[in-house]
Amino acid sequence: MFWNTTQPLDDLKEQESELQCQNEDDQALIQDENTSPSNREAAEAWMAERNEELTRLRLQFGKR
């Protein structure tokens with residue numbers, strides 16, 4: 001997903017917060033010894049995607 005540079009800063013901050021919360025949830029799954037290997041791999045992939053989104057999002061903060 002590409003971020004619209006016209007989004008209000010508050011919206012960007014809210015998106016950042018949501019992505020961070022989702023990463024925290026996935027990190028808990030990864031660390032849970034009862035999580036299946038396939039679910040652990042999926043959570044790791046989702047986190048990687050979100051981290052890329054967070055990087056793009058934070059670039060938007062720098063442009064303001």
# chains A, B, ... in the order shown; residues from 1 in each chain; ligands from 1
call {"tool": "residues_around", "arguments": {"residues": "Leu12 (chain A)", "least_positions_apart": "2", "cutoff": "9 Å", "atoms": "only C-alpha atoms", "output": "ChimeraX atom specification"}}
result
/A:3,7-10,14-17,57-58,60-61
call {"tool": "residues_around", "arguments": {"residues": "region 27-32 of chain A", "least_positions_apart": "6", "cutoff": "9 Å", "atoms": "only C-alpha atoms", "output": "number ranges by chain"}}
result
A: 39-41, 43-44, 47
call {"tool": "residues_around", "arguments": {"residues": "Asn23 (chain A)", "least_positions_apart": "2", "cutoff": "8 Å", "atoms": "only C-alpha atoms", "output": "MDAnalysis selection string"}}
result
chainID A and resid 19:21 25:27 46:47 50
call {"tool": "select_by_dssp", "arguments": {"residues": "chain A", "states": "helix (DSSP H, G or I)", "output": "PDB file with N, CA, C and O atoms, in the first residue's frame"}}
result
ATOM      1  N   LEU A   9      -1.728  14.320   9.335  1.00  0.00           N
ATOM      2  CA  LEU A   9      -0.727  13.693  10.194  1.00  0.00           C
ATOM      3  C   LEU A   9      -1.369  12.804  11.254  1.00  0.00           C
ATOM      4  O   LEU A   9      -0.851  11.731  11.564  1.00  0.00           O
ATOM      5  N   ASP A  10      -2.511  13.217  11.792  1.00  0.00           N
ATOM      6  CA  ASP A  10      -3.194  12.404  12.804  1.00  0.00           C
ATOM      7  C   ASP A  10      -3.588  11.044  12.238  1.00  0.00           C
ATOM      8  O   ASP A  10      -3.480  10.033  12.933  1.00  0.00           O
ATOM      9  N   ASP A  11      -4.035  11.019  10.992  1.00  0.00           N
ATOM     10  CA  ASP A  11      -4.397   9.746  10.357  1.00  0.00           C
ATOM     11  C   ASP A  11      -3.173   8.859  10.197  1.00  0.00           C
ATOM     12  O   ASP A  11      -3.239   7.639  10.418  1.00  0.00           O
ATOM     13  N   LEU A  12      -2.057   9.456   9.806  1.00  0.00           N
ATOM     14  CA  LEU A  12      -0.830   8.686   9.642  1.00  0.00           C
ATOM     15  C   LEU A  12      -0.368   8.113  10.979  1.00  0.00           C
ATOM     16  O   LEU A  12       0.055   6.960  11.054  1.00  0.00           O
ATOM     17  N   LYS A  13      -0.474   8.915  12.026  1.00  0.00           N
ATOM     18  CA  LYS A  13      -0.086   8.445  13.372  1.00  0.00           C
ATOM     19  C   LYS A  13      -0.990   7.307  13.822  1.00  0.00           C
ATOM     20  O   LYS A  13      -0.534   6.349  14.444  1.00  0.00           O
ATOM     21  N   GLU A  14      -2.278   7.407  13.510  1.00  0.00           N
ATOM     22  CA  GLU A  14      -3.219   6.343  13.879  1.00  0.00           C
ATOM     23  C   GLU A  14      -2.871   5.052  13.138  1.00  0.00           C
ATOM     24  O   GLU A  14      -2.896   3.978  13.720  1.00  0.00           O
ATOM     25  N   GLN A  15      -2.545   5.159  11.864  1.00  0.00           N
ATOM     26  CA  GLN A  15      -2.160   3.981  11.085  1.00  0.00           C
ATOM     27  C   GLN A  15      -0.891   3.364  11.656  1.00  0.00           C
ATOM     28  O   GLN A  15      -0.780   2.138  11.759  1.00  0.00           O
ATOM     29  N   GLU A  16       0.055   4.204  12.052  1.00  0.00           N
ATOM     30  CA  GLU A  16       1.289   3.707  12.649  1.00  0.00           C
ATOM     31  C   GLU A  16       0.983   2.921  13.915  1.00  0.00           C
ATOM     32  O   GLU A  16       1.500   1.827  14.126  1.00  0.00           O
ATOM     33  N   SER A  17       0.126   3.467  14.743  1.00  0.00           N
ATOM     34  CA  SER A  17      -0.241   2.812  15.997  1.00  0.00           C
ATOM     35  C   SER A  17      -0.909   1.457  15.749  1.00  0.00           C
ATOM     36  O   SER A  17      -0.609   0.464  16.427  1.00  0.00           O
ATOM     37  N   GLU A  18      -1.805   1.408  14.767  1.00  0.00           N
ATOM     38  CA  GLU A  18      -2.494   0.161  14.438  1.00  0.00           C
ATOM     39  C   GLU A  18      -1.510  -0.907  13.957  1.00  0.00           C
ATOM     40  O   GLU A  18      -1.589  -2.068  14.356  1.00  0.00           O
ATOM     41  N   LEU A  19      -0.579  -0.504  13.104  1.00  0.00           N
ATOM     42  CA  LEU A  19       0.423  -1.443  12.597  1.00  0.00           C
ATOM     43  C   LEU A  19       1.307  -1.961  13.732  1.00  0.00           C
ATOM     44  O   LEU A  19       1.625  -3.153  13.787  1.00  0.00           O
ATOM     45  N   GLN A  20       1.677  -1.088  14.645  1.00  0.00           N
ATOM     46  CA  GLN A  20       2.499  -1.502  15.774  1.00  0.00           C
ATOM     47  C   GLN A  20       1.753  -2.481  16.676  1.00  0.00           C
ATOM     48  O   GLN A  20       2.337  -3.468  17.140  1.00  0.00           O
ATOM     49  N   CYS A  21       0.470  -2.233  16.905  1.00  0.00           N
ATOM     50  CA  CYS A  21      -0.336  -3.146  17.725  1.00  0.00           C
ATOM     51  C   CYS A  21      -0.462  -4.519  17.064  1.00  0.00           C
ATOM     52  O   CYS A  21      -0.357  -5.552  17.734  1.00  0.00           O
ATOM     53  N   GLN A  22      -0.666  -4.519  15.758  1.00  0.00           N
ATOM     54  CA  GLN A  22      -0.755  -5.786  15.031  1.00  0.00           C
ATOM     55  C   GLN A  22       0.568  -6.530  15.106  1.00  0.00           C
ATOM     56  O   GLN A  22       0.585  -7.760  15.266  1.00  0.00           O
ATOM     57  N   ASN A  23       1.678  -5.809  15.014  1.00  0.00           N
ATOM     58  CA  ASN A  23       2.985  -6.452  15.139  1.00  0.00           C
ATOM     59  C   ASN A  23       3.184  -7.040  16.534  1.00  0.00           C
ATOM     60  O   ASN A  23       3.752  -8.122  16.676  1.00  0.00           O
ATOM     61  N   GLU A  24       2.717  -6.343  17.548  1.00  0.00           N
ATOM     62  CA  GLU A  24       2.814  -6.864  18.912  1.00  0.00           C
ATOM     63  C   GLU A  24       2.023  -8.159  19.055  1.00  0.00           C
ATOM     64  O   GLU A  24       2.488  -9.116  19.689  1.00  0.00           O
ATOM     65  N   ASP A  25       0.832  -8.201  18.469  1.00  0.00           N
ATOM     66  CA  ASP A  25       0.017  -9.420  18.510  1.00  0.00           C
ATOM     67  C   ASP A  25       0.731 -10.568  17.812  1.00  0.00           C
ATOM     68  O   ASP A  25       0.761 -11.699  18.311  1.00  0.00           O
ATOM     69  N   ASP A  26       1.309 -10.281  16.645  1.00  0.00           N
ATOM     70  CA  ASP A  26       2.017 -11.327  15.918  1.00  0.00           C
ATOM     71  C   ASP A  26       3.276 -11.765  16.660  1.00  0.00           C
ATOM     72  O   ASP A  26       3.623 -12.944  16.661  1.00  0.00           O
ATOM     73  N   GLN A  27       3.950 -10.828  17.302  1.00  0.00           N
ATOM     74  CA  GLN A  27       5.140 -11.188  18.074  1.00  0.00           C
ATOM     75  C   GLN A  27       4.768 -12.145  19.201  1.00  0.00           C
ATOM     76  O   GLN A  27       5.501 -13.105  19.478  1.00  0.00           O
ATOM     77  N   ALA A  28       3.618 -11.926  19.824  1.00  0.00           N
ATOM     78  CA  ALA A  28       3.153 -12.834  20.876  1.00  0.00           C
ATOM     79  C   ALA A  28       2.904 -14.229  20.305  1.00  0.00           C
ATOM     80  O   ALA A  28       3.240 -15.238  20.942  1.00  0.00           O
ATOM     81  N   LEU A  29       2.323 -14.301  19.105  1.00  0.00           N
ATOM     82  CA  LEU A  29       2.110 -15.603  18.459  1.00  0.00           C
ATOM     83  C   LEU A  29       3.437 -16.296  18.182  1.00  0.00           C
ATOM     84  O   LEU A  29       3.580 -17.503  18.405  1.00  0.00           O
ATOM     85  N   ILE A  30       4.396 -15.541  17.694  1.00  0.00           N
ATOM     86  CA  ILE A  30       5.701 -16.103  17.355  1.00  0.00           C
ATOM     87  C   ILE A  30       6.376 -16.674  18.607  1.00  0.00           C
ATOM     88  O   ILE A  30       6.990 -17.738  18.563  1.00  0.00           O
ATOM     89  N   GLN A  31       6.235 -15.992  19.714  1.00  0.00           N
ATOM     90  CA  GLN A  31       6.895 -16.406  20.946  1.00  0.00           C
ATOM     91  C   GLN A  31       6.141 -17.509  21.689  1.00  0.00           C
ATOM     92  O   GLN A  31       6.723 -18.172  22.549  1.00  0.00           O
ATOM     93  N   PRO A  37       4.194 -24.217  13.525  1.00  0.00           N
ATOM     94  CA  PRO A  37       5.235 -23.629  12.666  1.00  0.00           C
ATOM     95  C   PRO A  37       4.662 -22.826  11.502  1.00  0.00           C
ATOM     96  O   PRO A  37       5.192 -21.765  11.160  1.00  0.00           O
ATOM     97  N   SER A  38       3.585 -23.307  10.902  1.00  0.00           N
ATOM     98  CA  SER A  38       3.017 -22.570   9.764  1.00  0.00           C
ATOM     99  C   SER A  38       2.417 -21.233  10.213  1.00  0.00           C
ATOM    100  O   SER A  38       2.556 -20.216   9.512  1.00  0.00           O
ATOM    101  N   ASN A  39       1.774 -21.206  11.362  1.00  0.00           N
ATOM    102  CA  ASN A  39       1.232 -19.942  11.880  1.00  0.00           C
ATOM    103  C   ASN A  39       2.347 -18.995  12.288  1.00  0.00           C
ATOM    104  O   ASN A  39       2.236 -17.782  12.109  1.00  0.00           O
ATOM    105  N   ARG A  40       3.434 -19.562  12.814  1.00  0.00           N
ATOM    106  CA  ARG A  40       4.585 -18.737  13.192  1.00  0.00           C
ATOM    107  C   ARG A  40       5.194 -18.094  11.939  1.00  0.00           C
ATOM    108  O   ARG A  40       5.490 -16.896  11.930  1.00  0.00           O
ATOM    109  N   GLU A  41       5.344 -18.880  10.884  1.00  0.00           N
ATOM    110  CA  GLU A  41       5.887 -18.347   9.634  1.00  0.00           C
ATOM    111  C   GLU A  41       4.977 -17.264   9.053  1.00  0.00           C
ATOM    112  O   GLU A  41       5.459 -16.246   8.549  1.00  0.00           O
ATOM    113  N   ALA A  42       3.680 -17.488   9.116  1.00  0.00           N
ATOM    114  CA  ALA A  42       2.731 -16.492   8.606  1.00  0.00           C
ATOM    115  C   ALA A  42       2.840 -15.200   9.408  1.00  0.00           C
ATOM    116  O   ALA A  42       2.857 -14.107   8.831  1.00  0.00           O
ATOM    117  N   ALA A  43       2.919 -15.319  10.725  1.00  0.00           N
ATOM    118  CA  ALA A  43       3.035 -14.131  11.569  1.00  0.00           C
ATOM    119  C   ALA A  43       4.320 -13.371  11.260  1.00  0.00           C
ATOM    120  O   ALA A  43       4.330 -12.136  11.218  1.00  0.00           O
ATOM    121  N   GLU A  44       5.406 -14.097  11.019  1.00  0.00           N
ATOM    122  CA  GLU A  44       6.672 -13.446  10.680  1.00  0.00           C
ATOM    123  C   GLU A  44       6.557 -12.704   9.346  1.00  0.00           C
ATOM    124  O   GLU A  44       7.072 -11.591   9.205  1.00  0.00           O
ATOM    125  N   ALA A  45       5.870 -13.313   8.384  1.00  0.00           N
ATOM    126  CA  ALA A  45       5.684 -12.670   7.079  1.00  0.00           C
ATOM    127  C   ALA A  45       4.825 -11.418   7.210  1.00  0.00           C
ATOM    128  O   ALA A  45       5.126 -10.381   6.597  1.00  0.00           O
ATOM    129  N   TRP A  46       3.750 -11.509   7.993  1.00  0.00           N
ATOM    130  CA  TRP A  46       2.889 -10.337   8.199  1.00  0.00           C
ATOM    131  C   TRP A  46       3.663  -9.204   8.862  1.00  0.00           C
ATOM    132  O   TRP A  46       3.520  -8.038   8.489  1.00  0.00           O
ATOM    133  N   MET A  47       4.490  -9.555   9.837  1.00  0.00           N
ATOM    134  CA  MET A  47       5.286  -8.528  10.510  1.00  0.00           C
ATOM    135  C   MET A  47       6.248  -7.863   9.528  1.00  0.00           C
ATOM    136  O   MET A  47       6.416  -6.646   9.562  1.00  0.00           O
ATOM    137  N   ALA A  48       6.860  -8.649   8.674  1.00  0.00           N
ATOM    138  CA  ALA A  48       7.791  -8.087   7.692  1.00  0.00           C
ATOM    139  C   ALA A  48       7.066  -7.112   6.770  1.00  0.00           C
ATOM    140  O   ALA A  48       7.580  -6.014   6.479  1.00  0.00           O
ATOM    141  N   GLU A  49       5.873  -7.487   6.326  1.00  0.00           N
ATOM    142  CA  GLU A  49       5.088  -6.596   5.461  1.00  0.00           C
ATOM    143  C   GLU A  49       4.719  -5.314   6.191  1.00  0.00           C
ATOM    144  O   GLU A  49       4.804  -4.221   5.639  1.00  0.00           O
ATOM    145  N   ARG A  50       4.284  -5.464   7.433  1.00  0.00           N
ATOM    146  CA  ARG A  50       3.910  -4.278   8.209  1.00  0.00           C
ATOM    147  C   ARG A  50       5.116  -3.381   8.470  1.00  0.00           C
ATOM    148  O   ARG A  50       4.989  -2.160   8.465  1.00  0.00           O
ATOM    149  N   ASN A  51       6.267  -3.987   8.704  1.00  0.00           N
ATOM    150  CA  ASN A  51       7.463  -3.176   8.936  1.00  0.00           C
ATOM    151  C   ASN A  51       7.808  -2.359   7.697  1.00  0.00           C
ATOM    152  O   ASN A  51       8.252  -1.210   7.814  1.00  0.00           O
ATOM    153  N   GLU A  52       7.596  -2.927   6.513  1.00  0.00           N
ATOM    154  CA  GLU A  52       7.792  -2.165   5.279  1.00  0.00           C
ATOM    155  C   GLU A  52       6.798  -1.008   5.206  1.00  0.00           C
ATOM    156  O   GLU A  52       7.153   0.113   4.828  1.00  0.00           O
ATOM    157  N   GLU A  53       5.553  -1.287   5.581  1.00  0.00           N
ATOM    158  CA  GLU A  53       4.541  -0.222   5.595  1.00  0.00           C
ATOM    159  C   GLU A  53       4.913   0.860   6.600  1.00  0.00           C
ATOM    160  O   GLU A  53       4.747   2.058   6.328  1.00  0.00           O
ATOM    161  N   LEU A  54       5.394   0.441   7.769  1.00  0.00           N
ATOM    162  CA  LEU A  54       5.799   1.418   8.785  1.00  0.00           C
ATOM    163  C   LEU A  54       6.935   2.298   8.276  1.00  0.00           C
ATOM    164  O   LEU A  54       6.942   3.505   8.531  1.00  0.00           O
ATOM    165  N   THR A  55       7.862   1.715   7.555  1.00  0.00           N
ATOM    166  CA  THR A  55       8.965   2.497   6.994  1.00  0.00           C
ATOM    167  C   THR A  55       8.438   3.548   6.031  1.00  0.00           C
ATOM    168  O   THR A  55       8.815   4.726   6.100  1.00  0.00           O
ATOM    169  N   ARG A  56       7.544   3.143   5.126  1.00  0.00           N
ATOM    170  CA  ARG A  56       6.961   4.103   4.177  1.00  0.00           C
ATOM    171  C   ARG A  56       6.165   5.180   4.911  1.00  0.00           C
ATOM    172  O   ARG A  56       6.225   6.363   4.570  1.00  0.00           O
ATOM    173  N   LEU A  57       5.434   4.755   5.915  1.00  0.00           N
ATOM    174  CA  LEU A  57       4.621   5.687   6.688  1.00  0.00           C
ATOM    175  C   LEU A  57       5.507   6.721   7.381  1.00  0.00           C
ATOM    176  O   LEU A  57       5.224   7.927   7.343  1.00  0.00           O
ATOM    177  N   ARG A  58       6.590   6.260   7.962  1.00  0.00           N
ATOM    178  CA  ARG A  58       7.487   7.179   8.668  1.00  0.00           C
ATOM    179  C   ARG A  58       8.190   8.131   7.708  1.00  0.00           C
ATOM    180  O   ARG A  58       8.544   9.239   8.095  1.00  0.00           O
ATOM    181  N   LEU A  59       8.372   7.699   6.480  1.00  0.00           N
ATOM    182  CA  LEU A  59       8.909   8.613   5.461  1.00  0.00           C
ATOM    183  C   LEU A  59       7.942   9.767   5.231  1.00  0.00           C
ATOM    184  O   LEU A  59       8.366  10.899   4.979  1.00  0.00           O
ATOM    185  N   GLN A  60       6.648   9.477   5.316  1.00  0.00           N
ATOM    186  CA  GLN A  60       5.643  10.533   5.174  1.00  0.00           C
ATOM    187  C   GLN A  60       5.758  11.544   6.302  1.00  0.00           C
ATOM    188  O   GLN A  60       5.563  12.741   6.090  1.00  0.00           O
ATOM    189  N   PHE A  61       6.077  11.067   7.507  1.00  0.00           N
ATOM    190  CA  PHE A  61       6.253  12.007   8.629  1.00  0.00           C
ATOM    191  C   PHE A  61       7.400  12.967   8.331  1.00  0.00           C
ATOM    192  O   PHE A  61       7.323  14.147   8.637  1.00  0.00           O
ATOM    193  N   GLY A  62       8.457  12.437   7.734  1.00  0.00           N
ATOM    194  CA  GLY A  62       9.632  13.240   7.444  1.00  0.00           C
ATOM    195  C   GLY A  62       9.393  14.290   6.372  1.00  0.00           C
ATOM    196  O   GLY A  62      10.103  15.278   6.297  1.00  0.00           O
TER     197      GLY A  62
END
